[in-house]
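Structure file structure-v3.cif; described as mmCIF, C-alpha atoms.
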```cif
data_model
loop_
_atom_site.label_atom_id
_atom_site.label_comp_id
_atom_site.auth_asym_id
_atom_site.auth_seq_id
_atom_site.Cartn_x
_atom_site.Cartn_y
_atom_site.Cartn_z
CA MET A 1 71.72 14.41 -1.90
CA SER A 2 73.54 12.29 0.67
CA GLU A 3 72.03 9.07 1.94
CA PRO A 4 70.62 9.25 5.48
CA ASN A 5 72.70 7.65 8.22
CA TYR A 6 70.36 5.45 10.27
CA ARG A 7 70.93 5.02 13.98
CA ASN A 8 69.21 2.81 16.52
CA ILE A 9 70.64 2.81 20.01
CA GLY A 10 70.78 -0.66 21.59
CA GLY A 11 68.84 -1.31 24.76
CA ASN A 12 65.79 0.69 23.74
CA GLY A 13 63.94 -2.19 22.16
CA LEU A 14 61.91 -2.59 25.36
CA SER A 15 60.79 1.05 25.16
CA ALA A 16 59.69 0.59 21.56
CA PHE A 17 57.82 -2.59 22.52
CA VAL A 18 56.06 -0.78 25.38
CA VAL A 19 55.01 2.12 23.12
CA LEU A 20 53.64 -0.24 20.45
CA GLY A 21 51.92 -2.28 23.16
CA LEU A 22 50.18 0.81 24.54
CA PHE A 23 48.96 1.74 21.06
CA PHE A 24 47.63 -1.81 20.61
CA LEU A 25 45.79 -1.71 23.95
CA LEU A 26 44.36 1.72 23.10
CA ALA A 27 43.16 0.33 19.76
CA LEU A 28 41.35 -2.47 21.62
CA VAL A 29 39.57 0.13 23.78
CA SER A 30 38.78 2.54 20.95
CA LYS A 31 40.12 2.79 17.42
CA ALA A 32 38.83 6.36 17.35
CA MET A 33 41.15 7.23 20.24
CA VAL A 34 44.14 5.92 18.28
CA VAL A 35 43.17 8.18 15.38
CA VAL A 36 42.87 11.19 17.71
CA VAL A 37 46.27 10.41 19.31
CA LEU A 38 47.84 10.24 15.85
CA ILE A 39 46.21 13.56 14.89
CA ILE A 40 47.55 15.25 18.05
CA THR A 41 50.99 13.76 17.33
CA PHE A 42 50.75 15.20 13.81
CA ILE A 43 49.85 18.63 15.24
CA VAL A 44 52.87 18.53 17.57
CA PHE A 45 55.09 17.44 14.68
CA MET A 46 53.85 20.31 12.51
CA HIS A 47 54.52 22.82 15.31
CA GLU A 48 58.16 21.80 15.48
CA SER A 49 58.35 21.60 11.69
CA GLY A 50 57.48 25.28 11.67
CA HIS A 51 60.48 26.07 13.87
CA TYR A 52 62.74 23.77 11.86
CA LEU A 53 61.76 25.12 8.44
CA ALA A 54 62.05 28.73 9.65
CA ALA A 55 65.50 28.00 11.11
CA ARG A 56 66.65 26.49 7.82
CA ALA A 57 65.21 29.40 5.83
CA THR A 58 67.04 31.98 7.99
CA GLY A 59 70.39 30.18 7.96
CA MET A 60 70.32 28.86 11.52
CA LYS A 61 71.75 25.45 12.38
CA ALA A 62 69.36 22.83 13.76
CA THR A 63 71.15 19.76 15.11
CA GLU A 64 68.18 17.69 16.33
CA PHE A 65 64.52 17.18 15.44
CA PHE A 66 62.83 14.57 17.66
CA LEU A 67 59.25 13.51 18.13
CA GLY A 68 58.77 12.62 21.79
CA PHE A 69 61.05 12.70 24.83
CA GLY A 70 63.18 10.19 26.70
CA PRO A 71 65.69 7.68 25.33
CA ARG A 72 66.16 7.50 21.57
CA LEU A 73 64.16 4.72 19.90
CA PHE A 74 65.17 5.35 16.34
CA SER A 75 66.95 8.11 14.46
CA PHE A 76 68.74 8.97 11.24
CA ARG A 77 70.98 11.80 10.22
CA ARG A 78 70.42 13.81 7.09
CA GLY A 79 72.96 16.56 6.59
CA GLU A 80 73.63 18.35 9.87
CA THR A 81 70.35 17.35 11.57
CA GLU A 82 69.48 14.16 13.42
CA PHE A 83 65.81 13.17 13.07
CA GLY A 84 64.23 10.59 15.33
CA VAL A 85 61.56 9.27 17.65
CA LYS A 86 61.55 8.96 21.45
CA PRO A 87 59.04 6.96 23.53
CA VAL A 88 57.21 9.65 25.52
CA LEU A 89 54.95 11.14 22.85
CA ALA A 90 54.00 14.16 24.94
CA GLY A 91 55.62 16.65 22.60
CA ALA A 92 58.53 17.22 20.27
CA TYR A 93 61.51 19.52 19.99
CA VAL A 94 63.98 21.08 17.56
CA LYS A 95 67.42 21.93 18.87
CA ILE A 96 68.66 25.18 17.33
CA ILE A 97 72.17 26.14 18.39
CA GLY A 98 72.83 29.31 20.38
CA MET A 99 69.30 30.08 21.51
CA THR A 100 70.66 32.07 24.50
CA ASN A 101 73.91 33.57 25.71
CA LEU A 102 74.42 30.51 27.95
CA ASP A 103 74.69 27.99 25.09
CA GLU A 104 78.21 26.86 24.24
CA VAL A 105 78.77 26.78 20.49
CA ASP A 106 81.75 25.99 18.30
CA PRO A 107 83.16 29.38 17.15
CA ILE A 108 82.88 28.19 13.55
CA ASP A 109 79.10 27.83 13.97
CA GLU A 110 78.58 31.08 15.90
CA PRO A 111 77.35 33.04 12.82
CA ARG A 112 74.61 30.43 12.39
CA THR A 113 73.28 30.66 15.94
CA TYR A 114 69.83 31.99 16.78
CA ARG A 115 71.34 34.71 18.98
CA GLN A 116 73.44 36.16 16.15
CA LYS A 117 70.64 36.50 13.63
CA SER A 118 68.72 39.69 12.96
CA TYR A 119 65.63 40.64 14.93
CA PRO A 120 63.14 39.80 12.13
CA LYS A 121 64.72 36.36 11.67
CA ARG A 122 64.56 35.62 15.39
CA LEU A 123 60.92 36.72 15.44
CA LEU A 124 60.12 34.41 12.54
CA VAL A 125 61.80 31.36 14.11
CA ALA A 126 60.30 31.93 17.57
CA SER A 127 56.77 32.44 16.23
CA ALA A 128 56.91 29.77 13.49
CA GLY A 129 55.34 27.08 15.68
CA SER A 130 52.24 29.17 16.39
CA LEU A 131 52.14 30.34 12.77
CA MET A 132 52.00 26.68 11.74
CA HIS A 133 49.02 26.13 14.07
CA PHE A 134 47.26 29.14 12.58
CA ALA A 135 48.00 27.91 9.05
CA MET A 136 46.55 24.45 9.83
CA ALA A 137 43.51 26.10 11.43
CA PHE A 138 43.02 28.30 8.35
CA VAL A 139 43.17 25.37 5.92
CA ALA A 140 40.78 23.35 8.10
CA MET A 141 38.38 26.30 8.45
CA PHE A 142 38.43 26.83 4.67
CA ILE A 143 37.52 23.15 4.15
CA LEU A 144 34.84 23.35 6.83
CA LEU A 145 33.18 26.40 5.29
CA SER A 146 33.43 25.39 1.64
CA VAL A 147 33.03 21.59 1.81
CA PHE A 148 31.42 20.30 5.03
CA GLY A 149 29.51 23.38 6.08
CA GLU A 150 29.64 25.42 9.27
CA PRO A 151 27.28 24.18 11.99
CA LYS A 152 24.35 26.53 12.65
CA VAL A 153 21.97 26.01 15.57
CA GLU A 154 18.34 26.38 14.50
CA GLU A 155 16.58 28.41 17.18
CA GLY A 156 13.50 26.82 18.73
CA LYS A 157 14.07 23.38 17.21
CA TRP A 158 15.13 20.28 19.10
CA GLU A 159 15.86 16.64 18.32
CA VAL A 160 16.56 13.49 20.27
CA GLY A 161 20.07 13.47 21.71
CA LEU A 162 20.80 10.48 23.91
CA VAL A 163 18.45 7.48 24.00
CA VAL A 164 18.61 5.68 27.36
CA GLU A 165 18.80 1.95 26.66
CA GLU A 166 17.70 0.78 30.12
CA SER A 167 15.48 2.30 32.78
CA PRO A 168 16.78 2.57 36.38
CA GLU A 169 14.90 -0.67 37.08
CA GLY A 170 17.03 -2.51 34.51
CA GLU A 171 14.31 -2.84 31.89
CA VAL A 172 14.40 -1.61 28.28
CA SER A 173 13.41 2.06 28.28
CA SER A 174 10.25 3.29 26.54
CA ALA A 175 12.23 5.15 23.88
CA ALA A 176 14.48 2.19 23.10
CA GLU A 177 11.53 -0.22 23.02
CA ALA A 178 9.67 2.04 20.58
CA GLY A 179 12.69 2.33 18.27
CA ILE A 180 13.36 6.04 18.82
CA ARG A 181 16.88 6.99 17.69
CA SER A 182 19.30 9.81 18.28
CA GLY A 183 18.61 12.56 15.73
CA ASP A 184 14.86 11.88 15.53
CA ARG A 185 12.43 14.80 15.81
CA ILE A 186 9.31 13.91 17.81
CA LEU A 187 6.58 16.09 16.32
CA ALA A 188 3.63 14.80 18.34
CA LEU A 189 2.87 12.39 21.19
CA GLY A 190 -0.73 11.23 21.23
CA ALA A 191 -2.89 14.31 20.63
CA GLN A 192 -0.23 16.69 21.93
CA SER A 193 2.04 18.62 19.53
CA THR A 194 5.64 18.35 20.76
CA VAL A 195 7.41 20.77 18.45
CA LEU A 196 8.61 22.44 21.65
CA TRP A 197 10.64 20.33 24.11
CA GLU A 198 8.61 21.69 27.04
CA ASP A 199 5.43 20.32 25.46
CA LEU A 200 6.93 16.82 25.19
CA VAL A 201 8.07 16.92 28.83
CA ALA A 202 4.57 17.92 29.97
CA ALA A 203 2.89 15.24 27.80
CA VAL A 204 5.20 12.47 29.05
CA ARG A 205 5.01 13.34 32.73
CA SER A 206 1.20 13.51 32.74
CA GLN A 207 0.64 10.07 31.14
CA PRO A 208 2.60 7.35 33.00
CA GLY A 209 2.11 3.82 31.67
CA VAL A 210 -0.02 4.97 28.71
CA LEU A 211 0.43 3.53 25.20
CA LEU A 212 0.56 6.45 22.73
CA PRO A 213 1.29 6.99 19.03
CA ALA A 214 4.31 9.20 18.35
CA VAL A 215 4.86 11.10 15.09
CA VAL A 216 8.58 11.07 14.39
CA GLU A 217 10.58 12.75 11.62
CA ARG A 218 13.73 10.80 10.68
CA ASP A 219 16.03 11.75 7.79
CA GLY A 220 13.22 13.68 6.08
CA GLU A 221 10.71 10.83 6.44
CA VAL A 222 7.70 10.97 8.81
CA LEU A 223 7.08 7.79 10.83
CA GLU A 224 4.48 6.76 13.40
CA LEU A 225 5.72 4.74 16.36
CA LEU A 226 3.90 3.28 19.36
CA VAL A 227 5.35 4.33 22.71
CA GLU A 228 4.39 2.83 26.08
CA LEU A 229 5.61 5.32 28.67
CA ASP A 230 7.43 4.12 31.78
CA SER A 231 6.51 5.28 35.27
CA THR A 232 8.83 6.86 37.81
CA GLU A 233 8.73 6.24 41.57
CA ASN A 234 6.73 9.43 42.10
CA GLY A 235 4.10 8.41 39.51
CA GLU A 236 5.19 10.53 36.57
CA GLY A 237 5.69 9.30 33.02
CA ARG A 238 9.17 8.66 31.65
CA LEU A 239 10.34 8.27 28.03
CA GLY A 240 14.13 7.91 28.37
CA ILE A 241 15.62 10.52 26.05
CA SER A 242 17.54 13.77 26.23
CA ALA A 243 17.22 16.70 23.83
CA GLN A 244 19.79 18.54 21.75
CA ALA A 245 19.55 21.56 19.48
CA VAL A 246 18.91 20.95 15.79
CA THR A 247 22.00 21.84 13.79
CA SER A 248 22.16 22.55 10.07
CA TYR A 249 25.31 22.89 7.95
CA GLU A 250 25.70 25.71 5.45
CA THR A 251 28.50 25.93 2.89
CA VAL A 252 29.73 29.08 1.14
CA SER A 253 31.75 29.68 -2.03
CA PRO A 254 35.55 29.10 -1.89
CA LEU A 255 36.23 32.82 -2.40
CA LYS A 256 33.91 33.82 0.43
CA SER A 257 35.35 31.04 2.58
CA ILE A 258 38.76 32.76 2.59
CA ALA A 259 37.50 36.02 4.09
CA LEU A 260 35.07 34.25 6.40
CA ALA A 261 37.81 31.89 7.64
CA VAL A 262 39.99 34.85 8.66
CA SER A 263 37.07 36.41 10.52
CA ARG A 264 36.16 33.15 12.30
CA LEU A 265 39.78 32.49 13.33
CA ALA A 266 40.16 36.02 14.71
CA GLU A 267 37.08 35.39 16.88
CA MET A 268 38.49 32.06 18.06
CA ALA A 269 41.84 33.65 18.91
CA TRP A 270 40.06 36.24 21.05
CA GLN A 271 37.99 33.52 22.71
CA SER A 272 41.19 31.59 23.48
CA LEU A 273 42.71 34.67 25.14
CA ARG A 274 39.54 35.21 27.15
CA GLY A 275 39.54 31.57 28.21
CA ILE A 276 43.16 31.75 29.38
CA TRP A 277 42.44 34.93 31.33
CA HIS A 278 39.28 33.44 32.85
CA ILE A 279 41.24 30.44 34.15
CA ALA A 280 44.06 32.66 35.48
CA SER A 281 41.66 35.06 37.22
CA ASN A 282 39.68 32.19 38.79
CA PHE A 283 42.63 30.05 39.82
CA GLY A 284 41.08 29.31 43.22
CA ASP A 285 38.21 27.54 41.48
CA VAL A 286 40.73 25.66 39.31
CA LEU A 287 42.58 24.49 42.45
CA ASP A 288 39.32 23.26 43.98
CA ARG A 289 38.74 21.11 40.91
CA ILE A 290 42.30 19.76 40.84
CA PHE A 291 42.04 18.68 44.48
CA SER A 292 38.52 17.27 44.09
CA ALA A 293 37.63 13.68 44.91
CA PRO A 294 37.04 11.12 42.15
CA ASN A 295 33.51 11.01 40.70
CA ASP A 296 32.68 14.46 42.07
CA PRO A 297 29.55 15.56 40.12
CA THR A 298 30.29 19.28 40.66
CA VAL A 299 33.70 19.27 38.94
CA ASN A 300 32.32 19.44 35.40
CA GLU A 301 29.46 21.86 36.04
CA ASN A 302 31.29 24.98 34.80
CA LEU A 303 33.65 24.08 31.97
CA GLU A 304 35.06 27.62 31.69
CA THR A 305 37.44 26.96 34.58
CA ARG A 306 37.84 23.23 34.03
CA PRO A 307 41.42 22.34 32.91
CA LEU A 308 41.79 19.89 30.04
CA SER A 309 44.77 17.64 29.35
CA LEU A 310 45.69 15.70 26.23
CA ILE A 311 43.83 12.75 27.75
CA GLY A 312 40.67 14.82 27.88
CA ALA A 313 41.27 16.06 24.33
CA VAL A 314 41.51 12.45 23.16
CA GLN A 315 38.31 11.54 25.03
CA ILE A 316 36.42 14.41 23.41
CA GLY A 317 37.85 13.88 19.94
CA ALA A 318 36.97 10.17 19.99
CA SER A 319 33.37 10.76 21.07
CA GLU A 320 30.75 9.28 18.76
CA GLN A 321 28.50 12.30 19.37
CA PHE A 322 30.44 14.41 16.85
CA ASN A 323 30.10 14.32 13.07
CA ASN A 324 32.83 15.24 10.57
CA SER A 325 32.06 18.97 10.65
CA GLU A 326 32.16 19.07 14.44
CA ARG A 327 35.40 17.04 14.56
CA LEU A 328 36.99 19.47 12.11
CA LEU A 329 35.82 22.36 14.30
CA LEU A 330 37.48 20.68 17.29
CA PHE A 331 40.71 20.38 15.27
CA ILE A 332 40.53 24.10 14.46
CA SER A 333 39.78 25.10 18.06
CA PHE A 334 42.64 22.96 19.40
CA ASN A 335 45.12 24.50 16.97
CA MET A 336 44.00 28.05 17.69
CA PHE A 337 44.21 27.59 21.46
CA VAL A 338 47.67 25.98 21.35
CA GLY A 339 48.89 28.64 18.92
CA VAL A 340 47.66 31.49 21.11
CA PHE A 341 48.85 29.86 24.34
CA ASN A 342 52.38 29.40 22.96
CA LEU A 343 52.57 33.14 22.26
CA LEU A 344 52.10 34.10 25.91
CA PRO A 345 55.14 36.24 26.87
CA LEU A 346 56.60 33.73 29.33
CA LEU A 347 59.71 31.58 29.05
CA PRO A 348 60.00 28.72 28.10
CA LEU A 349 57.01 29.34 25.80
CA ASP A 350 57.66 30.71 22.31
CA GLY A 351 56.16 34.03 23.38
CA GLY A 352 58.91 34.33 26.00
CA HIS A 353 61.55 34.16 23.27
CA LEU A 354 59.61 36.79 21.31
CA LEU A 355 59.58 39.05 24.37
CA VAL A 356 63.32 38.61 24.92
CA ALA A 357 64.10 39.33 21.26
CA SER A 358 61.89 42.43 21.30
CA TYR A 359 63.49 43.72 24.51
CA GLU A 360 66.93 43.22 23.00
CA ARG A 361 65.90 45.18 19.92
CA VAL A 362 64.61 48.05 22.05
CA ARG A 363 67.86 48.16 24.05
CA GLU A 364 69.89 48.24 20.83
CA GLY A 365 68.02 51.31 19.62
CA ARG A 366 69.83 52.98 16.73
CA SER A 367 73.30 52.09 17.98
CA GLY A 368 73.67 49.14 15.62
CA LYS A 369 75.45 47.32 18.45
CA ARG A 370 74.05 43.91 19.33
CA TYR A 371 72.58 43.70 22.83
CA MET A 372 72.04 40.27 24.37
CA VAL A 373 69.95 39.51 27.47
CA ASP A 374 71.70 37.48 30.18
CA ILE A 375 69.19 34.65 30.26
CA SER A 376 70.52 33.37 33.61
CA ARG A 377 68.80 36.32 35.29
CA LEU A 378 65.46 35.12 33.91
CA MET A 379 65.91 31.49 34.93
CA PRO A 380 64.19 31.79 38.35
CA ILE A 381 61.04 33.11 36.64
CA THR A 382 61.35 30.43 33.97
CA TYR A 383 61.55 27.69 36.61
CA VAL A 384 58.41 29.06 38.30
CA VAL A 385 56.56 28.95 34.97
CA ILE A 386 57.76 25.39 34.31
CA ILE A 387 56.67 24.23 37.78
CA PHE A 388 53.30 25.93 37.35
CA LEU A 389 52.72 24.37 33.93
CA ALA A 390 53.77 20.94 35.23
CA PHE A 391 51.41 21.24 38.22
CA PHE A 392 48.59 22.46 35.98
CA GLY A 393 49.21 19.67 33.48
CA ILE A 394 49.33 16.92 36.10
CA GLY A 395 46.18 18.32 37.72
CA ALA A 396 44.37 18.31 34.37
CA ILE A 397 45.44 14.69 33.75
CA TYR A 398 44.10 13.73 37.18
CA LEU A 399 40.78 15.43 36.45
CA ASP A 400 40.40 13.73 33.08
CA ILE A 401 40.96 10.34 34.73
CA ALA A 402 39.08 10.84 38.02
CA ASN A 403 36.25 13.02 36.66
CA PRO A 404 36.16 12.56 32.87
CA LEU A 405 34.02 14.74 30.68
CA ASN A 406 30.91 12.91 29.48
CA PHE A 407 31.17 13.19 25.70
#
```

Will you turn the file into structure tokens for me?
Amino acid sequence: MSEPNYRNIGGNGLSAFVVLGLFFLLALVSKAMVVVVLIITFIVFMHESGHYLAARATGMKATEFFLGFGPRLFSFRRGETEFGVKPVLAGAYVKIIGMTNLDEVDPIDEPRTYRQKSYPKRLLVASAGSLMHFAMAFVAMFILLSVFGEPKVEEGKWEVGLVVEESPEGEVSSAAEAGIRSGDRILALGAQSTVLWEDLVAAVRSQPGVLLPAVVERDGEVLELLVELDSTENGEGRLGISAQAVTSYETVSPLKSIALAVSRLAEMAWQSLRGIWHIASNFGDVLDRIFSAPNDPTVNENLETRPLSLIGAVQIGASEQFNNSERLLLFISFNMFVGVFNLLPLLPLDGGHLLVASYERVREGRSGKRYMVDISRLMPITYVVIIFLAFFGIGAIYLDIANPLNF
């Protein structure tokens, strides 16, 4: 095996310094965010690895494999492919020669172009990125089901979600003062059973300023705490907590996990398609959100038509509200959505290349004569899709900065 030929273009040291500086600043804000950014970068890398490995397996020539966009920071050549990193880590790309009839290729390399390969090979290369997402989602779902356990909401049960540290008056809240924690189950307050959330709300509101014993279940142990309820401006009691559903985690055998993983992923793929259609069919609502003012409380009321950028994905993934099972489920959901979205039959998405290849195969029929679409005739539509995706992406970034999701 030949030694790699390393290459570092002069003048890009500043770009590398800026990228490292941004990572350092992000680490100061939240180490969890750095981890999420690295995971998303890994997902992007694996997507392009799918295309690269499929191209190599089918005899196509790949000349570049870069993580990021912009000026080259660092690269090396191994064989006929240059591998490297660029500063804008918003994606990655693999350059396969002869993807369309417009690409100029050395006649010697023409047999190794994408356009000259058989229909099944073109299908494999075009879909390999999404297939890699589905493969990662399958492995993660298998681990979730067999090791961590799938989250199951227990009907009718609630536990403490958020504990408010300070009351609106700036004093320590009743819940914080009493030592109530997130995840506690308040079974009784005074003489009132509070197994139901509605019962706790009624008991708290009717007893402002009263000192009461609270029976609390924490990690399987029953405790008794003293709670002195706050009072609101309208004379009602206030505790300073929010509720969340009680979630248990059930594991299944490895063999059963395989079949169950396939079933779960099929459901998630369908949900991704429904979500994409829901956004497309309610685009007016999406536009209203994109053009909303900062700190608009109505923007995040209905999340079904709320766009999400990579910034939002990082914010959600770094939230301390999620445990390992829930983080793994987020990883699975992200991969399934990206995999499905990339298969939409629109250029420049992978699904657009699948559509072109399939149309070419239909036109060829049984003639055995290669038919090739003139891609220049599709460029106006492609530009519209690119502009739309750019507008949608910039709008989602704005929303995640101006009206972030509260996770």

Between CA of Asn302 in chain A and CA of Arg185 in chain A lies a distance of 28.6 Å

Report, in Å with one decimal, the straight-line distance from CA of Tyr93 in chain A to CA of Ala32 in chain A.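 Value for the CA of Tyr93 in chain A-CA of Ala32 in chain A distance: 26.4 Å.
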
Would you mind reading off the distance between CA of Leu329 in chain A and CA of Val252 in chain A, one decimal, in Å?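 We find that CA of Leu329 in chain A and CA of Val252 in chain A lie 16.0 Å from each other.
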
Selected residue, from A:Gly183, A:Gly98, A:Pro404, A:Gly368, that lies nearest to Arg306 in chain A when counting all atoms listed in the file: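 Of all the options, A:Pro404 lies closest to Arg306 in chain A.
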
Can you tell me which residues surround Thr63 in chain A at a distance of at most 12 Å, considering all atoms listed in the file, apart from same-chain residues fewer than 3 positions away, and format the answer as a list in words? Tyr52, Ala55, Arg56, Met60, Phe66, Phe76, Arg77, Arg78, Gly79, Glu80, Thr81, Glu82, Phe83, Gly84, Tyr93, Val94, Lys95, Ile96, Ile97, Gly98, Val105, Asp109, Arg112 and Thr113 of chain A

Would you save the residues from that selection as a PDB file, keeping the file's coordinate frame, using C-alpha atoms?
```pdb
ATOM      1  CA  TYR A  52      62.740  23.770  11.860  1.00  0.00           C
ATOM      2  CA  ALA A  55      65.500  28.000  11.110  1.00  0.00           C
ATOM      3  CA  ARG A  56      66.650  26.490   7.820  1.00  0.00           C
ATOM      4  CA  MET A  60      70.320  28.860  11.520  1.00  0.00           C
ATOM      5  CA  PHE A  66      62.830  14.570  17.660  1.00  0.00           C
ATOM      6  CA  PHE A  76      68.740   8.970  11.240  1.00  0.00           C
ATOM      7  CA  ARG A  77      70.980  11.800  10.220  1.00  0.00           C
ATOM      8  CA  ARG A  78      70.420  13.810   7.090  1.00  0.00           C
ATOM      9  CA  GLY A  79      72.960  16.560   6.590  1.00  0.00           C
ATOM     10  CA  GLU A  80      73.630  18.350   9.870  1.00  0.00           C
ATOM     11  CA  THR A  81      70.350  17.350  11.570  1.00  0.00           C
ATOM     12  CA  GLU A  82      69.480  14.160  13.420  1.00  0.00           C
ATOM     13  CA  PHE A  83      65.810  13.170  13.070  1.00  0.00           C
ATOM     14  CA  GLY A  84      64.230  10.590  15.330  1.00  0.00           C
ATOM     15  CA  TYR A  93      61.510  19.520  19.990  1.00  0.00           C
ATOM     16  CA  VAL A  94      63.980  21.080  17.560  1.00  0.00           C
ATOM     17  CA  LYS A  95      67.420  21.930  18.870  1.00  0.00           C
ATOM     18  CA  ILE A  96      68.660  25.180  17.330  1.00  0.00           C
ATOM     19  CA  ILE A  97      72.170  26.140  18.390  1.00  0.00           C
ATOM     20  CA  GLY A  98      72.830  29.310  20.380  1.00  0.00           C
ATOM     21  CA  VAL A 105      78.770  26.780  20.490  1.00  0.00           C
ATOM     22  CA  ASP A 109      79.100  27.830  13.970  1.00  0.00           C
ATOM     23  CA  ARG A 112      74.610  30.430  12.390  1.00  0.00           C
ATOM     24  CA  THR A 113      73.280  30.660  15.940  1.00  0.00           C
TER      25      THR A 113
END
```

Written as a list in words, which residues does the PyMOL selection byres ((chain A and resi 242) around 7) give for the file shown?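 Listing what the PyMOL selection byres ((chain A and resi 242) around 7) selects in the shown file: Val160, Gly161, Leu162, Val163, Ile241, Ala243 and Gln244 of chain A.
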
List as a PyMOL selection string the residues having at least one atom at most 12 Å from position (41.5, 33.2, 4.2) as given in the file, counting all atoms listed in the file. chain A and resi 134-143+145-146+254-266

I need the residues from that last selection saved to file as a PDB file, in the coordinates of the input (with C-alpha atoms), if you can.
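Writing done, so here's out22.pdb:
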```
ATOM      1  CA  PHE A 134      47.260  29.140  12.580  1.00  0.00           C
ATOM      2  CA  ALA A 135      48.000  27.910   9.050  1.00  0.00           C
ATOM      3  CA  MET A 136      46.550  24.450   9.830  1.00  0.00           C
ATOM      4  CA  ALA A 137      43.510  26.100  11.430  1.00  0.00           C
ATOM      5  CA  PHE A 138      43.020  28.300   8.350  1.00  0.00           C
ATOM      6  CA  VAL A 139      43.170  25.370   5.920  1.00  0.00           C
ATOM      7  CA  ALA A 140      40.780  23.350   8.100  1.00  0.00           C
ATOM      8  CA  MET A 141      38.380  26.300   8.450  1.00  0.00           C
ATOM      9  CA  PHE A 142      38.430  26.830   4.670  1.00  0.00           C
ATOM     10  CA  ILE A 143      37.520  23.150   4.150  1.00  0.00           C
ATOM     11  CA  LEU A 145      33.180  26.400   5.290  1.00  0.00           C
ATOM     12  CA  SER A 146      33.430  25.390   1.640  1.00  0.00           C
ATOM     13  CA  PRO A 254      35.550  29.100  -1.890  1.00  0.00           C
ATOM     14  CA  LEU A 255      36.230  32.820  -2.400  1.00  0.00           C
ATOM     15  CA  LYS A 256      33.910  33.820   0.430  1.00  0.00           C
ATOM     16  CA  SER A 257      35.350  31.040   2.580  1.00  0.00           C
ATOM     17  CA  ILE A 258      38.760  32.760   2.590  1.00  0.00           C
ATOM     18  CA  ALA A 259      37.500  36.020   4.090  1.00  0.00           C
ATOM     19  CA  LEU A 260      35.070  34.250   6.400  1.00  0.00           C
ATOM     20  CA  ALA A 261      37.810  31.890   7.640  1.00  0.00           C
ATOM     21  CA  VAL A 262      39.990  34.850   8.660  1.00  0.00           C
ATOM     22  CA  SER A 263      37.070  36.410  10.520  1.00  0.00           C
ATOM     23  CA  ARG A 264      36.160  33.150  12.300  1.00  0.00           C
ATOM     24  CA  LEU A 265      39.780  32.490  13.330  1.00  0.00           C
ATOM     25  CA  ALA A 266      40.160  36.020  14.710  1.00  0.00           C
TER      26      ALA A 266
END
```

Residues in the PyMOL selection byres ((chain A and resi 392) around 10), expressed as a list in words: Val286, Leu287, Ile290, Pro307, Leu308, Ser309, Ile386, Ile387, Phe388, Leu389, Ala390, Phe391, Gly393, Ile394, Gly395, Ala396, Ile397 and Tyr398 of chain A

Convert the output of the PyMOL selection byres ((chain A and resi 340-344) around 9) on the shown file into explicit residues, formatted as a VMD selection string. chain A and resid 127 129 to 130 133 to 134 269 to 270 272 to 273 276 335 to 339 345 to 347 349 to 352 354

Let me see the file: selected residues, C-alpha atoms, as a tab-separated table (two decimals), in the coordinates of the input.
```
chain	number	residue	atom	x	y	z
A	127	SER	CA	56.77	32.44	16.23
A	129	GLY	CA	55.34	27.08	15.68
A	130	SER	CA	52.24	29.17	16.39
A	133	HIS	CA	49.02	26.13	14.07
A	134	PHE	CA	47.26	29.14	12.58
A	269	ALA	CA	41.84	33.65	18.91
A	270	TRP	CA	40.06	36.24	21.05
A	272	SER	CA	41.19	31.59	23.48
A	273	LEU	CA	42.71	34.67	25.14
A	276	ILE	CA	43.16	31.75	29.38
A	335	ASN	CA	45.12	24.50	16.97
A	336	MET	CA	44.00	28.05	17.69
A	337	PHE	CA	44.21	27.59	21.46
A	338	VAL	CA	47.67	25.98	21.35
A	339	GLY	CA	48.89	28.64	18.92
A	345	PRO	CA	55.14	36.24	26.87
A	346	LEU	CA	56.60	33.73	29.33
A	347	LEU	CA	59.71	31.58	29.05
A	349	LEU	CA	57.01	29.34	25.80
A	350	ASP	CA	57.66	30.71	22.31
A	351	GLY	CA	56.16	34.03	23.38
A	352	GLY	CA	58.91	34.33	26.00
A	354	LEU	CA	59.61	36.79	21.31
```

Spatial neighbours of Ala178 in chain A, max dist 9 Å, only C-alpha atoms, sep filter under 5 positions, as a list in words: Ser173, Leu225, Leu226, Val227 and Glu228 of chain A

Residues near Pro120 in chain A, anyone? I mean within 10 Å using only C-alpha atoms, not counting same-chain ones fewer than 5 positions away, as a ChimeraX atom specification. /A:58,125-126,357-358,361

Give the answer as one residue: which of A:Ala293, A:Ile381, A:Ile43, A:Leu20 has the shortest atom-to-atom distance to Val88 in chain A, using only C-alpha atoms?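 Under the stated criterion, the closest residue is A:Leu20.
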
Using all atoms listed in the file, which residue out of A:Thr41, A:Asp230, A:Gly284, A:Ile279 lies closest to Gly170 in chain A?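 The closest residue to Gly170 in chain A is A:Asp230.
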
I want to know what sits within 7 Å of range 151-155 of chain A, based on only C-alpha atoms, with residues of the same chain fewer than 4 positions away left out; could you give that as a list in words? Ala245, Val246, Thr247, Ser248, Tyr249 and Glu250 of chain A

Using all atoms listed in the file: which of A:Val85, A:Val356, A:Ala202, A:Leu187 has the shortest distance to Pro71 in chain A: A:Val85

Which residues are near Arg205 in chain A? Cut-off 7 Å, all atoms listed in the file, ignore same chain within fewer than 3 positions. Put them as a PyMOL selection string. chain A and resi 201-202+208+236-238

Distance criterion (all atoms listed in the file): nearest to Ile332 in chain A out of A:Leu239, A:Ser193, A:Met268, A:Asp285: A:Met268

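Distance annotation: of A:Ile40, A:Lys61, A:Leu355, A:Leu399, the residue with the minimal separation from Asn295 in chain A is A:Leu399; atom set is only C-alpha atoms.
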